[in-house]
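Asks: Provided below: entry-v2.cif, containing mmCIF, C-alpha atoms.
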data_upload
#
loop_
_atom_site.group_PDB
_atom_site.id
_atom_site.type_symbol
_atom_site.label_atom_id
_atom_site.label_comp_id
_atom_site.auth_asym_id
_atom_site.auth_seq_id
_atom_site.Cartn_x
_atom_site.Cartn_y
_atom_site.Cartn_z
ATOM 1 C CA MET V 45 21.690 13.852 -34.457
ATOM 2 C CA ALA V 46 19.624 17.027 -34.408
ATOM 3 C CA GLU V 47 16.922 15.334 -32.334
ATOM 4 C CA LEU V 48 19.471 14.080 -29.786
ATOM 5 C CA GLU V 49 20.978 17.562 -29.541
ATOM 6 C CA LYS V 50 17.570 19.113 -28.834
ATOM 7 C CA GLN V 51 16.806 16.643 -26.052
ATOM 8 C CA ALA V 52 20.240 16.622 -24.410
ATOM 9 C CA VAL V 53 20.968 18.469 -21.186
ATOM 10 C CA CYS V 54 24.708 18.051 -21.755
ATOM 11 C CA ILE V 55 26.703 17.579 -24.950
ATOM 12 C CA GLN V 56 30.390 16.737 -24.900
ATOM 13 C CA GLU V 57 31.917 17.022 -28.347
ATOM 14 C CA HIS V 58 35.352 16.255 -29.766
ATOM 15 C CA GLY V 59 36.355 17.980 -33.005
ATOM 16 C CA ALA V 60 39.338 16.132 -34.460
ATOM 17 C CA ALA V 61 39.805 17.659 -37.907
ATOM 18 C CA VAL V 62 37.048 20.251 -38.224
ATOM 19 C CA ILE V 63 35.085 22.541 -35.937
ATOM 20 C CA PRO V 64 31.971 20.652 -34.738
ATOM 21 C CA GLY V 65 28.740 21.415 -36.612
ATOM 22 C CA LEU V 66 26.951 23.196 -33.751
ATOM 23 C CA LEU V 67 29.763 25.763 -33.651
ATOM 24 C CA GLN V 68 30.095 26.338 -37.390
ATOM 25 C CA ILE V 69 29.352 29.612 -39.172
ATOM 26 C CA GLU V 70 27.756 29.684 -42.620
ATOM 27 C CA PRO V 71 30.872 30.091 -44.830
ATOM 28 C CA TYR V 72 32.762 27.414 -42.908
ATOM 29 C CA ALA V 73 29.848 24.951 -43.074
ATOM 30 C CA ARG V 74 29.454 25.675 -46.782
ATOM 31 C CA ALA V 75 33.146 24.917 -47.392
ATOM 32 C CA VAL V 76 32.928 21.689 -45.369
ATOM 33 C CA PHE V 77 29.986 20.464 -47.437
ATOM 34 C CA ARG V 78 31.402 21.600 -50.791
ATOM 35 C CA PHE V 79 34.720 19.830 -50.347
ATOM 36 C CA GLY V 80 33.594 16.913 -48.223
ATOM 37 C CA LEU V 81 30.823 15.732 -50.497
ATOM 38 C CA PRO V 82 31.847 16.053 -54.166
ATOM 39 C CA ASN V 83 29.211 16.349 -56.898
ATOM 40 C CA MET V 84 26.686 17.849 -54.505
ATOM 41 C CA THR V 85 24.419 20.401 -56.173
ATOM 42 C CA ALA V 86 24.447 23.989 -54.978
ATOM 43 C CA ALA V 87 20.847 23.536 -53.820
ATOM 44 C CA GLU V 88 21.815 20.512 -51.714
ATOM 45 C CA VAL V 89 24.752 22.391 -50.167
ATOM 46 C CA ASP V 90 22.377 25.275 -49.348
ATOM 47 C CA ARG V 91 19.862 22.869 -47.771
ATOM 48 C CA ARG V 92 22.507 21.223 -45.589
ATOM 49 C CA VAL V 93 24.009 24.552 -44.509
ATOM 50 C CA VAL V 94 20.580 25.838 -43.459
ATOM 51 C CA GLN V 95 19.938 22.643 -41.482
ATOM 52 C CA ARG V 96 23.313 22.892 -39.751
ATOM 53 C CA LEU V 97 22.815 26.537 -38.791
ATOM 54 C CA GLU V 98 19.298 25.829 -37.511
ATOM 55 C CA ARG V 99 20.699 23.127 -35.220
ATOM 56 C CA ALA V 100 22.947 25.724 -33.571
ATOM 57 C CA HIS V 101 19.913 27.577 -32.192
ATOM 58 C CA ILE V 102 19.908 25.161 -29.253
ATOM 59 C CA LEU V 103 22.925 27.120 -27.955
ATOM 60 C CA GLU V 104 20.823 30.265 -27.600
ATOM 61 C CA GLY V 105 19.013 31.051 -24.399
ATOM 62 C CA PRO V 106 19.193 29.529 -20.947
ATOM 63 C CA ASP V 107 17.319 26.316 -21.766
ATOM 64 C CA GLY V 108 19.912 24.880 -24.131
ATOM 65 C CA PRO V 109 22.260 22.079 -23.174
ATOM 66 C CA VAL V 110 25.531 22.547 -21.358
ATOM 67 C CA MET V 111 28.185 22.083 -24.032
ATOM 68 C CA TRP V 112 31.787 20.991 -23.601
ATOM 69 C CA VAL V 113 34.032 21.001 -26.662
ATOM 70 C CA LEU V 114 37.459 19.473 -27.071
ATOM 71 C CA LEU V 115 39.172 20.674 -30.243
ATOM 72 C CA ASP V 116 42.322 19.180 -31.650
ATOM 73 C CA GLU V 117 44.718 21.911 -32.707
ATOM 74 C CA HIS V 118 44.375 20.342 -36.180
ATOM 75 C CA ALA V 119 40.828 21.744 -36.362
ATOM 76 C CA LEU V 120 42.194 25.247 -35.713
ATOM 77 C CA ARG V 121 44.969 25.054 -38.263
ATOM 78 C CA ARG V 122 43.342 23.128 -41.122
ATOM 79 C CA VAL V 123 42.386 25.910 -43.520
ATOM 80 C CA ILE V 124 38.791 25.358 -44.603
ATOM 81 C CA GLY V 125 37.326 28.063 -46.835
ATOM 82 C CA GLY V 126 40.447 30.235 -46.741
ATOM 83 C CA PRO V 127 42.087 32.473 -44.125
ATOM 84 C CA ALA V 128 39.164 34.930 -43.870
ATOM 85 C CA VAL V 129 36.674 32.132 -43.211
ATOM 86 C CA MET V 130 38.993 30.536 -40.661
ATOM 87 C CA ALA V 131 39.520 33.839 -38.843
ATOM 88 C CA ALA V 132 35.749 34.426 -38.654
ATOM 89 C CA GLN V 133 35.100 30.825 -37.603
ATOM 90 C CA LEU V 134 37.664 30.934 -34.805
ATOM 91 C CA ARG V 135 36.404 34.342 -33.632
ATOM 92 C CA HIS V 136 32.912 32.814 -33.432
ATOM 93 C CA VAL V 137 34.171 29.853 -31.384
ATOM 94 C CA ALA V 138 36.129 32.216 -29.119
ATOM 95 C CA LYS V 139 33.018 34.361 -28.602
ATOM 96 C CA LEU V 140 30.986 31.302 -27.581
ATOM 97 C CA ALA V 141 33.717 30.228 -25.170
ATOM 98 C CA ASP V 142 34.262 33.734 -23.792
ATOM 99 C CA SER V 143 30.532 34.143 -23.157
ATOM 100 C CA GLY V 144 30.492 30.947 -21.124
ATOM 101 C CA ARG V 145 27.983 29.342 -23.505
ATOM 102 C CA VAL V 146 30.483 26.653 -24.461
ATOM 103 C CA ARG V 147 33.220 25.232 -22.249
ATOM 104 C CA LEU V 148 36.152 24.865 -24.628
ATOM 105 C CA HIS V 149 39.510 23.121 -24.397
ATOM 106 C CA VAL V 150 42.169 22.587 -27.052
ATOM 107 C CA LEU V 151 44.295 19.476 -27.407
ATOM 108 C CA PRO V 152 47.589 21.008 -28.568
ATOM 109 C CA PHE V 153 49.975 19.395 -31.034
ATOM 110 C CA THR V 154 52.554 19.154 -28.268
ATOM 111 C CA ILE V 155 50.705 16.370 -26.434
ATOM 112 C CA GLY V 156 50.974 14.047 -29.424
ATOM 113 C CA LYS V 157 48.646 11.070 -29.304
ATOM 114 C CA HIS V 158 45.691 11.203 -26.921
ATOM 115 C CA ALA V 159 42.654 9.102 -26.033
ATOM 116 C CA LEU V 160 40.516 10.584 -28.857
ATOM 117 C CA THR V 161 43.145 10.572 -31.607
ATOM 118 C CA ALA V 162 41.043 8.113 -33.616
ATOM 119 C CA GLY V 163 38.441 10.738 -34.502
ATOM 120 C CA PRO V 164 35.385 12.775 -33.597
ATOM 121 C CA MET V 165 32.936 11.714 -30.951
ATOM 122 C CA SER V 166 29.903 13.164 -29.181
ATOM 123 C CA LEU V 167 28.408 12.249 -25.828
ATOM 124 C CA TYR V 168 24.833 13.106 -24.886
ATOM 125 C CA ARG V 169 23.241 13.146 -21.433
ATOM 126 C CA PHE V 170 19.506 13.487 -20.904
ATOM 127 C CA ASP V 171 17.199 14.161 -17.968
ATOM 128 C CA ASP V 172 14.924 11.246 -18.731
ATOM 129 C CA ALA V 173 16.990 8.714 -20.694
ATOM 130 C CA PRO V 174 20.335 6.923 -20.440
ATOM 131 C CA PRO V 175 23.375 8.615 -21.993
ATOM 132 C CA LEU V 176 24.412 7.954 -25.595
ATOM 133 C CA ALA V 177 27.643 8.158 -27.542
ATOM 134 C CA TYR V 178 28.005 8.963 -31.241
ATOM 135 C CA VAL V 179 31.245 8.032 -32.975
ATOM 136 C CA GLU V 180 31.943 9.332 -36.466
ATOM 137 C CA GLY V 181 33.910 7.916 -39.349
ATOM 138 C CA VAL V 182 34.238 8.749 -43.032
ATOM 139 C CA ARG V 183 30.661 9.164 -44.284
ATOM 140 C CA THR V 184 29.369 7.067 -41.431
ATOM 141 C CA GLY V 185 28.463 7.343 -37.782
ATOM 142 C CA GLN V 186 27.310 5.010 -35.058
ATOM 143 C CA VAL V 187 25.106 5.740 -32.055
ATOM 144 C CA TYR V 188 25.895 3.611 -29.017
ATOM 145 C CA ASP V 189 23.431 3.061 -26.205
ATOM 146 C CA ASP V 190 25.101 0.079 -24.531
ATOM 147 C CA PRO V 191 26.065 1.379 -21.066
ATOM 148 C CA ALA V 192 29.488 -0.298 -21.147
ATOM 149 C CA ARG V 193 30.331 1.200 -24.552
ATOM 150 C CA VAL V 194 29.082 4.645 -23.538
ATOM 151 C CA ALA V 195 31.184 4.433 -20.360
ATOM 152 C CA GLN V 196 34.270 3.574 -22.474
ATOM 153 C CA CYS V 197 33.612 6.595 -24.686
ATOM 154 C CA GLN V 198 33.141 8.820 -21.634
ATOM 155 C CA ALA V 199 36.402 7.537 -20.143
ATOM 156 C CA ALA V 200 38.257 8.338 -23.397
ATOM 157 C CA TYR V 201 36.749 11.846 -23.407
ATOM 158 C CA ASP V 202 37.750 12.388 -19.778
ATOM 159 C CA LEU V 203 41.308 11.209 -20.440
ATOM 160 C CA ALA V 204 41.637 13.561 -23.422
ATOM 161 C CA LEU V 205 40.182 16.427 -21.386
ATOM 162 C CA GLY V 206 42.922 15.808 -18.826
ATOM 163 C CA ASP V 207 45.515 16.294 -21.590
ATOM 164 C CA ALA V 208 43.926 19.485 -22.955
ATOM 165 C CA LEU V 209 44.932 23.049 -22.271
ATOM 166 C CA PRO V 210 42.981 24.847 -19.531
ATOM 167 C CA ALA V 211 40.019 26.932 -20.746
ATOM 168 C CA GLU V 212 41.823 30.283 -20.575
ATOM 169 C CA ALA V 213 44.911 28.987 -22.413
ATOM 170 C CA SER V 214 42.656 27.340 -25.000
ATOM 171 C CA LEU V 215 40.842 30.623 -25.620
ATOM 172 C CA SER V 216 44.190 32.405 -25.953
ATOM 173 C CA LEU V 217 45.398 29.863 -28.504
ATOM 174 C CA ILE V 218 42.212 30.145 -30.564
ATOM 175 C CA THR V 219 42.438 33.949 -30.525
ATOM 176 C CA SER V 220 46.106 33.801 -31.515
ATOM 177 C CA VAL V 221 45.428 31.468 -34.445
ATOM 178 C CA ALA V 222 42.545 33.721 -35.576
ATOM 179 C CA GLU V 223 44.971 36.669 -35.551
ATOM 180 C CA GLU V 224 47.422 34.640 -37.659
ATOM 181 C CA TYR V 225 44.695 34.115 -40.253
ATOM 182 C CA GLU V 226 43.774 37.799 -40.168
ATOM 183 C CA HIS V 227 47.411 38.794 -40.779
ATOM 184 C CA ALA V 228 47.544 36.385 -43.737
ATOM 185 C CA LEU V 229 44.813 38.341 -45.546
#
Would you write the structure of this file as structure tokens?

Replies:
Amino acid sequence: MAELEKQAVCIQEHGAAVIPGLLQIEPYARAVFRFGLPNMTAAEVDRRVVQRLERAHILEGPDGPVMWVLLDEHALRRVIGGPAVMAAQLRHVAKLADSGRVRLHVLPFTIGKHALTAGPMSLYRFDDAPPLAYVEGVRTGQVYDDPARVAQCQAAYDLALGDALPAEASLSLITSVAEEYEHAL
């Protein structure tokens, strides 16, 4: 996926249960790897965390891709790494959104089921290649290049985006949840 991310001019990401990898901070990524992949050595966790954080460098500078992120409220409220890690992680996401680097929308609990309820998905657009979709499952993922399948994935993303909170309300919710974690410390 790292190679697709580097080449993309636009990334549209849906985070169903966790914050997407490109937006993760070190302690959050470490907790995801430690609990998501049992029996992994400390050295392997370290290696994967470094790789994940290196991928995020594409969000620095003006030449990186445009990034849209849809987060289920589940990803905000699922405590990964403890309240301090969650507060820092959500502050990081809010900073990216507030800076305009990432266009962020939250799918609140109140909408119930939506077009992306089934799980995480990423869409990639390129200057010199057809768009791709990446759909994730438990310890698996599938890249789709069939135009009809990619169009179906894009339509699902667009429908979910229509159900999401506006950007400003999404940022307010993320900030509020971060404050809840900070008060829990």

Asks: Skip Lys157 (chain V) itself and residues of its chain fewer than 3 positions away, then list as a PyMOL selection string all residues within 12 Å of it, counting all atoms listed in the file.

Replies: chain V and resi 60+116+151-154+160-163+203-204+207-208

Asks: So, counting all atoms listed in the file, which residue among V:Ala52, V:Val194, V:Ala222, V:Val110 is closest to Gly144 (chain V)?

Replies: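 Smallest separation from Gly144 (chain V) among the options: V:Val110.
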
Asks: In terms of the shortest atom-to-atom distance over all atoms listed in the file, which of V:Gln51, V:Gln133, V:Thr184, V:Thr219 is closest to Ile102 (chain V)?

Replies: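 Among the listed residues, V:Gln51 lies closest to Ile102 (chain V).
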
Asks: Here's the selection I'm unsure about, the PyMOL selection byres ((chain V and resi 181) around 12); applied to the file above, which residues does it give, as a PyMOL selection string?

Replies: chain V and resi 60-61+162-165+178-180+182-187

Asks: Convert the current residue selection to file output with C-alpha atoms, as a compact mmCIF listing (two decimals), in the coordinates of the input.

Replies:
# COMPACT_ATOMS: atom_id res chain seq x y z
CA ALA V 60 39.34 16.13 -34.46
CA ALA V 61 39.80 17.66 -37.91
CA ALA V 162 41.04 8.11 -33.62
CA GLY V 163 38.44 10.74 -34.50
CA PRO V 164 35.38 12.78 -33.60
CA MET V 165 32.94 11.71 -30.95
CA TYR V 178 28.00 8.96 -31.24
CA VAL V 179 31.24 8.03 -32.98
CA GLU V 180 31.94 9.33 -36.47
CA VAL V 182 34.24 8.75 -43.03
CA ARG V 183 30.66 9.16 -44.28
CA THR V 184 29.37 7.07 -41.43
CA GLY V 185 28.46 7.34 -37.78
CA GLN V 186 27.31 5.01 -35.06
CA VAL V 187 25.11 5.74 -32.06

Asks: Considering all atoms listed in the file, state which residue in the set V:Val93, V:Met45, V:Ala199, V:Ala119 is at the smallest distance from Val150 (chain V).

Replies: V:Ala119

Asks: Out of V:Val146, V:Leu120, V:Ala159, V:Ala195, which residue has the shortest atom-to-atom distance to Ser220 (chain V) when counting only C-alpha atoms?

Replies: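 When distances to Ser220 (chain V) are compared using only C-alpha atoms, the smallest one comes from V:Leu120.
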
Asks: Let me have the centre and edge lengths of the axis-aligned box enclosing all listed atoms of region 78-87 of chain V with 6 Å padding on every side, in Å to one decimal, as lines of an AutoDock Vina configuration file.

Replies:
center_x = 27.8
center_y = 19.9
center_z = -52.6
size_x = 25.9
size_y = 20.3
size_z = 20.7

Asks: Could you state the separation of CA of Val62 (chain V) and CA of Asp171 (chain V) in Å, given to one decimal place?

Replies: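 Spanning CA of Val62 (chain V) to CA of Asp171 (chain V) is a straight-line distance of 29.0 Å.
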
Asks: Hey, can you check how far CA of Ser216 (chain V) sits from CA of Ala138 (chain V)?

Replies: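 Those two atoms sit 8.7 Å apart.
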
Asks: Name the residues captured by the PyMOL selection byres ((chain V and resi 126) around 10) when it is applied to the shown file; answer as number ranges by chain.

Replies: V: 71-72, 75, 122-125, 127-131, 225, 228-229

Asks: Quick one: which residues end up in the PyMOL selection byres ((chain V and resi 107) around 12) for this structure, as a PyMOL selection string?

Replies: chain V and resi 50-54+101-106+108-111+145

Asks: By how many Å are CA of Leu217 (chain V) and CA of Glu117 (chain V) apart?

Replies: 9.0 Å

Asks: Calculated over all atoms listed in the file, which of the candidates V:His227, V:His158, V:Arg147, V:Arg193 has the smallest distance to Val113 (chain V)?

Replies: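 Comparing V:His227, V:His158, V:Arg147, V:Arg193 against Val113 (chain V), the winner is V:Arg147.
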
Asks: Using all atoms listed in the file, determine which residues lie at most 12 Å from Gln95 (chain V), disregarding the query and same-chain residues fewer than 5 positions distant; provide the list as a ChimeraX atom specification.

Replies: /V:45-46,65-66,68-70,73-74,77,88-90,100-101

Asks: Which residues come within 9 Å of Glu212 (chain V), counting only C-alpha atoms, excluding same-chain residues fewer than 3 positions away, as a ChimeraX atom specification?

Replies: /V:142,148-149,209,215-217

Asks: Write a file of the selected residues as a tab-separated table (two decimals), in the coordinates of the input, keeping C-alpha atoms.

Replies:
chain	number	residue	atom	x	y	z
V	142	ASP	CA	34.26	33.73	-23.79
V	148	LEU	CA	36.15	24.86	-24.63
V	149	HIS	CA	39.51	23.12	-24.40
V	209	LEU	CA	44.93	23.05	-22.27
V	215	LEU	CA	40.84	30.62	-25.62
V	216	SER	CA	44.19	32.40	-25.95
V	217	LEU	CA	45.40	29.86	-28.50

Asks: When distances are computed from only C-alpha atoms, which of V:Pro64, V:Pro191, V:Pro210, V:Gly156 shows the smallest separation from Arg96 (chain V)?

Replies: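 Residue with the minimum atom-to-atom distance to Arg96 (chain V): V:Pro64.
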
Asks: Distance cut-off 6 Å, centre (19.8, 11.6, -25.1) in file coordinates, counting all atoms listed in the file: which residues qualify? Return them as an NGL selection string.

Replies: :V and (48 or 51-52 or 168-170 or 173 or 175-176)
